[in-house]
>>> print(open('coords.txt').read())   # compact mmCIF, C-alpha atoms
# COMPACT_ATOMS: atom_id res chain seq x y z
CA MET A 25 -99.59 36.51 67.25
CA ALA A 26 -96.54 38.68 66.68
CA ARG A 27 -96.92 41.17 63.89
CA THR A 28 -93.67 39.95 62.35
CA VAL A 29 -95.42 36.76 61.21
CA ILE A 30 -95.98 36.81 57.44
CA VAL A 31 -99.68 36.33 56.74
CA LYS A 32 -98.95 34.73 53.37
CA ASP A 33 -96.81 32.01 54.93
CA THR A 34 -99.47 31.28 57.55
CA LEU A 35 -102.14 31.02 54.84
CA LYS A 36 -100.05 28.43 53.02
CA ASP A 37 -99.32 26.49 56.22
CA LYS A 38 -103.04 26.34 57.07
CA ALA A 39 -104.20 25.60 53.50
CA GLY A 40 -105.12 21.99 54.25
CA ALA A 41 -107.37 23.01 57.16
CA LEU A 42 -109.40 25.64 55.29
CA THR A 43 -113.06 25.24 54.39
CA PRO A 44 -114.10 25.79 50.73
CA ALA A 45 -115.26 29.33 51.55
CA GLU A 46 -112.05 30.07 53.43
CA ARG A 47 -110.05 28.73 50.49
CA LEU A 48 -111.82 31.16 48.14
CA LEU A 49 -110.95 33.98 50.53
CA SER A 50 -107.34 32.78 50.78
CA ASP A 51 -107.07 32.70 46.98
CA THR A 52 -108.30 36.31 46.80
CA LEU A 53 -105.76 37.43 49.40
CA LEU A 54 -102.86 35.68 47.67
CA ARG A 55 -103.70 36.87 44.15
CA ASP A 56 -103.05 40.50 45.05
CA TYR A 57 -100.96 40.17 48.18
CA PRO A 58 -100.87 42.07 50.48
CA MET A 59 -103.07 44.79 48.95
CA ALA A 60 -106.23 42.65 48.72
CA GLY A 61 -106.35 42.41 52.50
CA LEU A 62 -106.15 46.18 52.99
CA GLN A 63 -109.65 46.88 51.70
CA SER A 64 -112.69 46.88 53.97
CA ILE A 65 -113.96 43.59 55.32
CA THR A 66 -117.15 44.01 53.28
CA LYS A 67 -115.30 44.60 49.99
CA LEU A 68 -112.91 41.71 50.68
CA ALA A 69 -115.84 39.38 51.35
CA GLU A 70 -117.62 40.52 48.17
CA ALA A 71 -114.47 40.11 46.07
CA SER A 72 -114.11 36.55 47.36
CA GLY A 73 -117.77 35.60 47.10
CA VAL A 74 -117.97 34.81 50.84
CA SER A 75 -119.63 36.29 53.92
CA THR A 76 -118.01 38.73 56.35
CA PRO A 77 -118.15 36.11 59.16
CA THR A 78 -115.98 33.90 56.93
CA VAL A 79 -113.35 36.67 56.82
CA ILE A 80 -113.40 36.90 60.61
CA ARG A 81 -113.18 33.12 61.00
CA LEU A 82 -110.19 32.91 58.66
CA ALA A 83 -108.38 35.68 60.55
CA ARG A 84 -108.90 33.80 63.81
CA LYS A 85 -107.87 30.50 62.23
CA LEU A 86 -104.60 32.18 61.27
CA GLY A 87 -104.04 33.13 64.92
CA PHE A 88 -105.24 36.73 64.95
CA ASP A 89 -107.85 38.10 67.35
CA GLY A 90 -109.89 39.25 64.37
CA PHE A 91 -109.80 40.93 60.98
CA PRO A 92 -108.44 44.30 62.24
CA GLU A 93 -105.35 42.60 63.71
CA MET A 94 -104.75 40.60 60.52
CA GLN A 95 -105.16 43.76 58.46
CA ALA A 96 -102.66 45.58 60.68
CA ALA A 97 -100.12 42.82 59.98
CA LEU A 98 -100.77 43.14 56.25
CA ARG A 99 -100.40 46.92 56.48
CA GLU A 100 -96.98 46.54 58.08
CA GLU A 101 -95.92 44.13 55.33
CA ALA A 102 -97.07 46.57 52.65
CA SER A 103 -95.17 49.39 54.35
CA ALA A 104 -92.00 47.30 54.52
CA GLN A 105 -92.26 46.49 50.81
CA ILE A 106 -92.65 50.15 49.89
CA LYS A 107 -89.54 51.07 51.87
CA LYS A 108 -87.40 48.50 50.07
CA PRO A 109 -85.30 49.93 47.25
CA ILE A 110 -86.50 49.04 43.78
CA LEU A 111 -84.40 46.09 42.67
CA LYS A 112 -82.77 46.18 39.30
CA ARG A 113 -82.94 42.96 37.36
CA GLU A 114 -79.65 41.16 37.77
CA GLY A 115 -78.27 38.39 35.69
CA TRP A 116 -79.19 39.82 32.31
CA PRO A 117 -76.38 38.95 29.89
CA GLN A 118 -73.95 41.83 29.67
CA GLY A 119 -73.35 43.48 26.31
CA ARG A 120 -76.63 42.33 24.75
CA ASN A 121 -78.16 44.89 22.45
CA ASP A 122 -81.76 43.70 22.82
CA SER A 123 -84.68 45.74 21.59
CA PRO A 124 -86.64 47.49 24.38
CA ALA A 125 -89.75 45.58 23.31
CA PHE A 126 -88.07 42.20 23.78
CA ARG A 127 -86.44 43.14 27.06
CA ASN A 128 -89.66 44.59 28.52
CA PHE A 129 -91.57 41.46 27.53
CA ALA A 130 -88.89 39.13 28.91
CA GLU A 131 -88.74 40.98 32.21
CA ALA A 132 -92.53 40.79 32.53
CA VAL A 133 -92.33 37.04 31.93
CA PHE A 134 -89.56 36.70 34.55
CA ASP A 135 -91.75 38.52 37.05
CA ASN A 136 -94.73 36.31 36.19
CA LEU A 137 -92.72 33.14 36.69
CA ASN A 138 -91.25 34.35 39.99
CA GLN A 139 -94.62 35.38 41.39
CA THR A 140 -96.31 32.22 40.12
CA ILE A 141 -93.73 30.14 41.98
CA GLU A 142 -94.09 32.34 45.07
CA ARG A 143 -97.86 31.93 45.14
CA LEU A 144 -97.93 28.20 44.40
CA ASP A 145 -99.09 26.20 47.42
CA PRO A 146 -96.84 23.12 47.73
CA ALA A 147 -99.68 21.13 49.29
CA THR A 148 -101.92 21.90 46.30
CA PHE A 149 -99.19 20.87 43.86
CA ASP A 150 -98.51 17.59 45.67
CA ALA A 151 -102.23 16.77 45.95
CA LEU A 152 -102.71 17.47 42.26
CA ALA A 153 -99.75 15.31 41.24
CA ARG A 154 -101.13 12.48 43.37
CA VAL A 155 -104.60 12.72 41.80
CA LEU A 156 -103.29 12.89 38.23
CA ALA A 157 -100.91 9.96 38.75
CA ASP A 158 -103.73 7.71 40.00
CA THR A 159 -104.54 5.43 37.05
CA ARG A 160 -107.79 4.36 38.71
CA ARG A 161 -109.00 7.78 37.62
CA SER A 162 -109.74 8.77 34.03
CA ILE A 163 -108.52 12.23 33.03
CA PHE A 164 -110.23 14.63 30.64
CA LEU A 165 -108.59 17.87 29.50
CA LEU A 166 -109.94 21.01 27.87
CA GLY A 167 -108.70 24.51 27.18
CA GLY A 168 -110.26 27.72 25.97
CA ARG A 169 -109.58 29.81 22.90
CA ILE A 170 -106.13 30.90 24.13
CA THR A 171 -105.33 27.98 26.45
CA ARG A 172 -106.25 25.16 24.08
CA SER A 173 -102.55 24.70 23.32
CA ASN A 174 -101.81 24.29 27.04
CA ALA A 175 -104.40 21.53 27.33
CA ASP A 176 -103.04 19.85 24.20
CA TYR A 177 -99.47 20.02 25.53
CA PHE A 178 -100.49 18.53 28.88
CA PHE A 179 -102.49 15.79 27.14
CA ASN A 180 -99.60 14.82 24.85
CA HIS A 181 -97.32 14.21 27.82
CA LEU A 182 -99.85 12.68 30.21
CA GLN A 183 -101.01 10.04 27.72
CA ILE A 184 -97.40 8.94 27.29
CA VAL A 185 -96.79 8.33 31.00
CA ARG A 186 -100.23 6.97 31.96
CA PRO A 187 -103.39 5.47 30.38
CA GLY A 188 -106.93 6.81 30.52
CA VAL A 189 -106.33 10.35 29.26
CA THR A 190 -108.72 12.13 26.88
CA LEU A 191 -108.48 15.52 25.20
CA LEU A 192 -111.93 16.99 24.61
CA SER A 193 -112.90 18.41 21.25
CA PRO A 194 -112.95 22.24 21.19
CA SER A 195 -116.57 22.12 20.00
CA PRO A 196 -119.09 22.42 22.88
CA ASN A 197 -121.65 20.59 20.74
CA VAL A 198 -119.94 17.25 21.39
CA TRP A 199 -119.05 17.74 25.06
CA PRO A 200 -122.08 15.70 26.25
CA GLN A 201 -120.47 12.69 24.53
CA TYR A 202 -117.52 13.04 26.92
CA LEU A 203 -119.61 14.09 29.91
CA ILE A 204 -121.64 10.89 29.82
CA ASP A 205 -118.46 8.90 30.54
CA MET A 206 -117.44 11.06 33.49
CA GLY A 207 -118.13 10.15 37.10
CA PRO A 208 -116.68 10.20 40.64
CA ARG A 209 -113.50 8.46 39.42
CA SER A 210 -112.92 11.07 36.73
CA VAL A 211 -110.81 14.24 36.72
CA LEU A 212 -111.62 17.18 34.46
CA VAL A 213 -108.67 19.51 33.88
CA ILE A 214 -109.73 22.92 32.56
CA PHE A 215 -107.59 25.84 31.44
CA ASP A 216 -109.45 29.17 31.61
CA ILE A 217 -107.90 32.63 31.67
CA ARG A 218 -109.45 36.00 30.93
CA ARG A 219 -111.69 36.55 29.01
CA TYR A 220 -113.31 33.69 30.87
CA GLU A 221 -115.47 31.39 28.75
CA ALA A 222 -119.03 30.68 29.85
CA ASP A 223 -119.11 27.31 28.05
CA LEU A 224 -116.21 26.06 30.16
CA ALA A 225 -117.98 27.15 33.36
CA THR A 226 -121.14 25.33 32.27
CA LEU A 227 -119.20 22.14 31.56
CA ALA A 228 -117.46 22.37 34.96
CA SER A 229 -120.82 22.72 36.73
CA LEU A 230 -122.33 19.76 34.89
CA ALA A 231 -119.26 17.64 35.61
CA LYS A 232 -119.33 18.63 39.27
CA GLU A 233 -122.94 17.40 39.50
CA ARG A 234 -121.65 13.99 38.36
CA GLY A 235 -119.05 13.91 41.13
CA VAL A 236 -116.09 14.69 38.87
CA VAL A 237 -112.93 16.16 40.43
CA ILE A 238 -112.35 19.57 38.83
CA VAL A 239 -108.81 20.90 38.31
CA LEU A 240 -108.49 24.50 37.14
CA PHE A 241 -105.50 26.32 35.69
CA THR A 242 -106.29 30.03 35.63
CA ASP A 243 -104.78 33.49 35.94
CA GLN A 244 -104.10 35.68 38.97
CA TRP A 245 -107.66 37.03 39.01
CA GLY A 246 -109.29 33.62 38.91
CA SER A 247 -111.86 32.17 36.53
CA PRO A 248 -115.42 31.82 37.91
CA ILE A 249 -114.72 28.09 37.79
CA SER A 250 -112.57 28.65 40.90
CA GLN A 251 -115.77 28.38 42.96
CA THR A 252 -116.45 24.92 41.51
CA ALA A 253 -112.94 23.50 41.28
CA ASP A 254 -111.40 21.10 43.78
CA HIS A 255 -107.84 22.14 42.87
CA VAL A 256 -106.91 25.61 41.58
CA ILE A 257 -103.58 26.73 40.13
CA ASN A 258 -103.19 30.49 39.69
CA ALA A 259 -100.46 31.73 37.38
CA LEU A 260 -99.64 35.30 36.43
CA VAL A 261 -100.29 36.03 32.77
CA GLU A 262 -100.11 39.80 32.23
CA VAL A 263 -97.43 41.03 29.81
CA PRO A 264 -97.00 44.12 27.57
CA SER A 265 -99.06 42.61 24.75
CA SER A 266 -102.65 42.37 23.55
CA TRP A 267 -102.48 38.70 24.55
CA ASP A 268 -101.75 37.17 27.93
CA SER A 269 -98.73 34.90 28.39
CA THR A 270 -99.33 31.31 29.52
CA LEU A 271 -95.68 30.55 30.26
CA GLY A 272 -96.42 30.57 34.00
CA ILE A 273 -99.15 27.97 33.46
CA ASN A 274 -96.84 25.80 31.38
CA LEU A 275 -94.18 26.00 34.09
CA ILE A 276 -96.58 24.29 36.50
CA VAL A 277 -97.74 21.85 33.81
CA GLU A 278 -94.21 20.69 33.06
CA ALA A 279 -93.40 20.38 36.76
CA LEU A 280 -96.53 18.24 37.19
CA ILE A 281 -95.56 16.02 34.27
CA ALA A 282 -92.21 15.39 35.94
CA ALA A 283 -93.85 14.72 39.31
CA ILE A 284 -96.40 12.32 37.81
CA GLN A 285 -93.72 10.40 35.92
CA THR A 286 -91.68 10.14 39.14
CA ARG A 287 -94.70 8.80 41.04
CA ARG A 288 -95.28 6.15 38.38
CA GLN A 289 -91.56 5.38 38.02
CA ASP A 290 -91.16 1.89 36.50
CA LYS A 291 -94.67 1.75 35.04
CA ALA A 292 -94.17 5.05 33.22
CA ARG A 293 -90.77 3.88 31.92
CA ASP A 294 -92.24 0.60 30.69
CA ARG A 295 -95.06 2.46 28.96
CA ILE A 296 -92.62 4.83 27.23
CA GLU A 297 -90.42 1.94 26.10
CA GLU A 298 -93.44 0.06 24.74
CA LEU A 299 -94.48 3.13 22.77
CA GLU A 300 -90.98 3.45 21.34
CA ASP A 301 -91.08 -0.20 20.29
CA MET A 302 -94.39 0.43 18.51
CA PHE A 303 -92.93 3.40 16.66
CA ARG A 304 -89.91 1.34 15.62
CA SER A 305 -91.92 -1.67 14.52
CA THR A 306 -94.51 0.26 12.54
CA ARG A 307 -92.09 2.94 11.32
CA ILE A 308 -94.90 5.47 11.65
CA PHE A 309 -93.70 8.95 10.69
CA ARG A 310 -90.23 7.59 9.95
CA LYS A 311 -88.52 7.95 6.60
>>> encode(input="coords.txt", output="structure tokens")
Amino acid sequence: MARTVIVKDTLKDKAGALTPAERLLSDTLLRDYPMAGLQSITKLAEASGVSTPTVIRLARKLGFDGFPEMQAALREEASAQIKKPILKREGWPQGRNDSPAFRNFAEAVFDNLNQTIERLDPATFDALARVLADTRRSIFLLGGRITRSNADYFFNHLQIVRPGVTLLSPSPNVWPQYLIDMGPRSVLVIFDIRRYEADLATLASLAKERGVVIVLFTDQWGSPISQTADHVINALVEVPSSWDSTLGINLIVEALIAAIQTRRQDKARDRIEELEDMFRSTRIFRK
């Protein structure tokens, strides 16, 4: 394989053919690309929770003779990036007298959104939209302490465009009452960013034992639930604040809502119109 081939692009092209272990390794490489691939094969395997033979197999699956050749390609990419001039942010409105704090935060968010889009695997997005639009499946959603609002936002829109959507209570004490209704035709959507929550990981494991499809929205480092999940969305969250930003996560959520509504087309429109008729006839929340 020519060294000019971008490893990241090849990883995305081959995503559908990767084994679960290879997918974990691919996620590790893409989260901190290309630097993650420049560490030793042993450290890369440990960081991904896989064996060193898995690293070698993935390199060969991507068309390289082995890990050293793949690492050489990554090293050349890293060198090319370093040589590029630092780009100034363009497009910022001229003449604005913004505070440094606001501008620094906004630029961090812009970078998060750009890198989240760059790292999003189109095949993963399409597969996820297809699963969530399938009304033969029941959907359960849950967020953590910080991401509870993301789960609530996703729930509010999903239950408008399709039936069979449930938002779990934030109290772990009542989760068994939801878990008992979950099975192979169920999808559990979990939002978990650092500091990762052990209760969410326990629920994911119990649901997985029941054959539930696990969908995880997490940060660039990856919640431990990544090893259990069937579909993983990584979004960048780090900003100059004591709290992480979930705007990257909500970008993907809103795009999924649009994709799901498009897949359901007439049925979603009919459901929305019926809801509007109910609001009009009952005058709920109307003065």
>>> atom_distance(input="coords.txt", atom1="atom CA of A:Asp223", atom2="atom CA of A:Ala175")
15.8 Å
>>> closest_atom_pairs(input="coords.txt", of="stretch 126-151 of chain A", to="stretch 238-259 of chain A", cutoff="8 Å", atoms="all atoms listed in the file", output="Markdown table")
| residue | atom | partner | partner_atom | distance |
| --- | --- | --- | --- | --- |
| A:Asn136 | CA | A:Ala259 | CA | 7.4 |
| A:Leu137 | CA | A:Ala259 | CA | 7.9 |
| A:Gln139 | CA | A:Ala259 | CA | 8.0 |
| A:Thr140 | CA | A:Ala259 | CA | 5.0 |
| A:Arg143 | CA | A:Asn258 | CA | 7.8 |
| A:Leu144 | CA | A:Ile257 | CA | 7.2 |
| A:Thr148 | CA | A:His255 | CA | 6.8 |
>>> residues_around(input="coords.txt", residues="A:Arg161", least_positions_apart="3", cutoff="8 Å", atoms="all atoms listed in the file", output="ChimeraX atom specification")
/A:155-156,158,188,209-211
>>> closest_residue(input="coords.txt", among="A:Val277, A:Glu221, A:Ser266, A:Glu93", to="A:Asn180", atoms="all atoms listed in the file")
A:Val277
>>> atom_distance(input="coords.txt", atom1="atom CA of A:Ser305", atom2="atom CA of A:Phe164")
29.3 Å
>>> atom_distance(input="coords.txt", atom1="atom CA of A:Ile163", atom2="atom CA of A:Val189")
4.7 Å
>>> residues_around(input="coords.txt", residues="A:Leu86", least_positions_apart="4", cutoff="12 Å", atoms="all atoms listed in the file", output="ChimeraX atom specification")
/A:25-26,29-39,41-42,46,50,79-82,90-91,93-95,97
>>> closest_residue(input="coords.txt", among="A:Ala157, A:Leu49, A:Ile170, A:Leu54", to="A:Leu68", atoms="all atoms listed in the file")
A:Leu49
>>> closest_residue(input="coords.txt", among="A:Leu299, A:Ile141, A:Ile184, A:Ile214", to="A:Ser229", atoms="only C-alpha atoms")
A:Ile214
>>> axis_aligned_box(input="coords.txt", around="stretch 73-87 of chain A", padding_each_side="4 Å", output="JSON")
{"center_x": -111.8, "center_y": 34.6, "center_z": 56.0, "size_x": 23.6, "size_y": 16.2, "size_z": 25.8}
>>> closest_residue(input="coords.txt", among="A:Ala147, A:Ala153, A:Ala102, A:Leu191", to="A:Gln285", atoms="all atoms listed in the file")
A:Ala153
>>> closest_residue(input="coords.txt", among="A:Leu260, A:Ala225, A:Ala231, A:Ala292", to="A:Gln183", atoms="only C-alpha atoms")
A:Ala292
>>> closest_residue(input="coords.txt", among="A:Glu297, A:Asp150, A:Asp176, A:Asp89", to="A:Ala283", atoms="only C-alpha atoms")
A:Asp150
>>> residues_around(input="coords.txt", residues="A:Leu192", least_positions_apart="5", cutoff="8 Å", atoms="all atoms listed in the file", output="number ranges by chain")
A: 164-166, 199, 202
>>> write_last_selection(input="coords.txt", atoms="C-alpha atoms", output="compact mmCIF listing (two decimals), in the coordinates of the input")
# COMPACT_ATOMS: atom_id res chain seq x y z
CA PHE A 164 -110.23 14.63 30.64
CA LEU A 165 -108.59 17.87 29.50
CA LEU A 166 -109.94 21.01 27.87
CA TRP A 199 -119.05 17.74 25.06
CA TYR A 202 -117.52 13.04 26.92
>>> residues_near_point(input="coords.txt", point="(-98.8, 38.7, 33.7)", cutoff="7 Å", atoms="all atoms listed in the file", output="number ranges by chain")
A: 132-133, 136, 260-263, 268-269
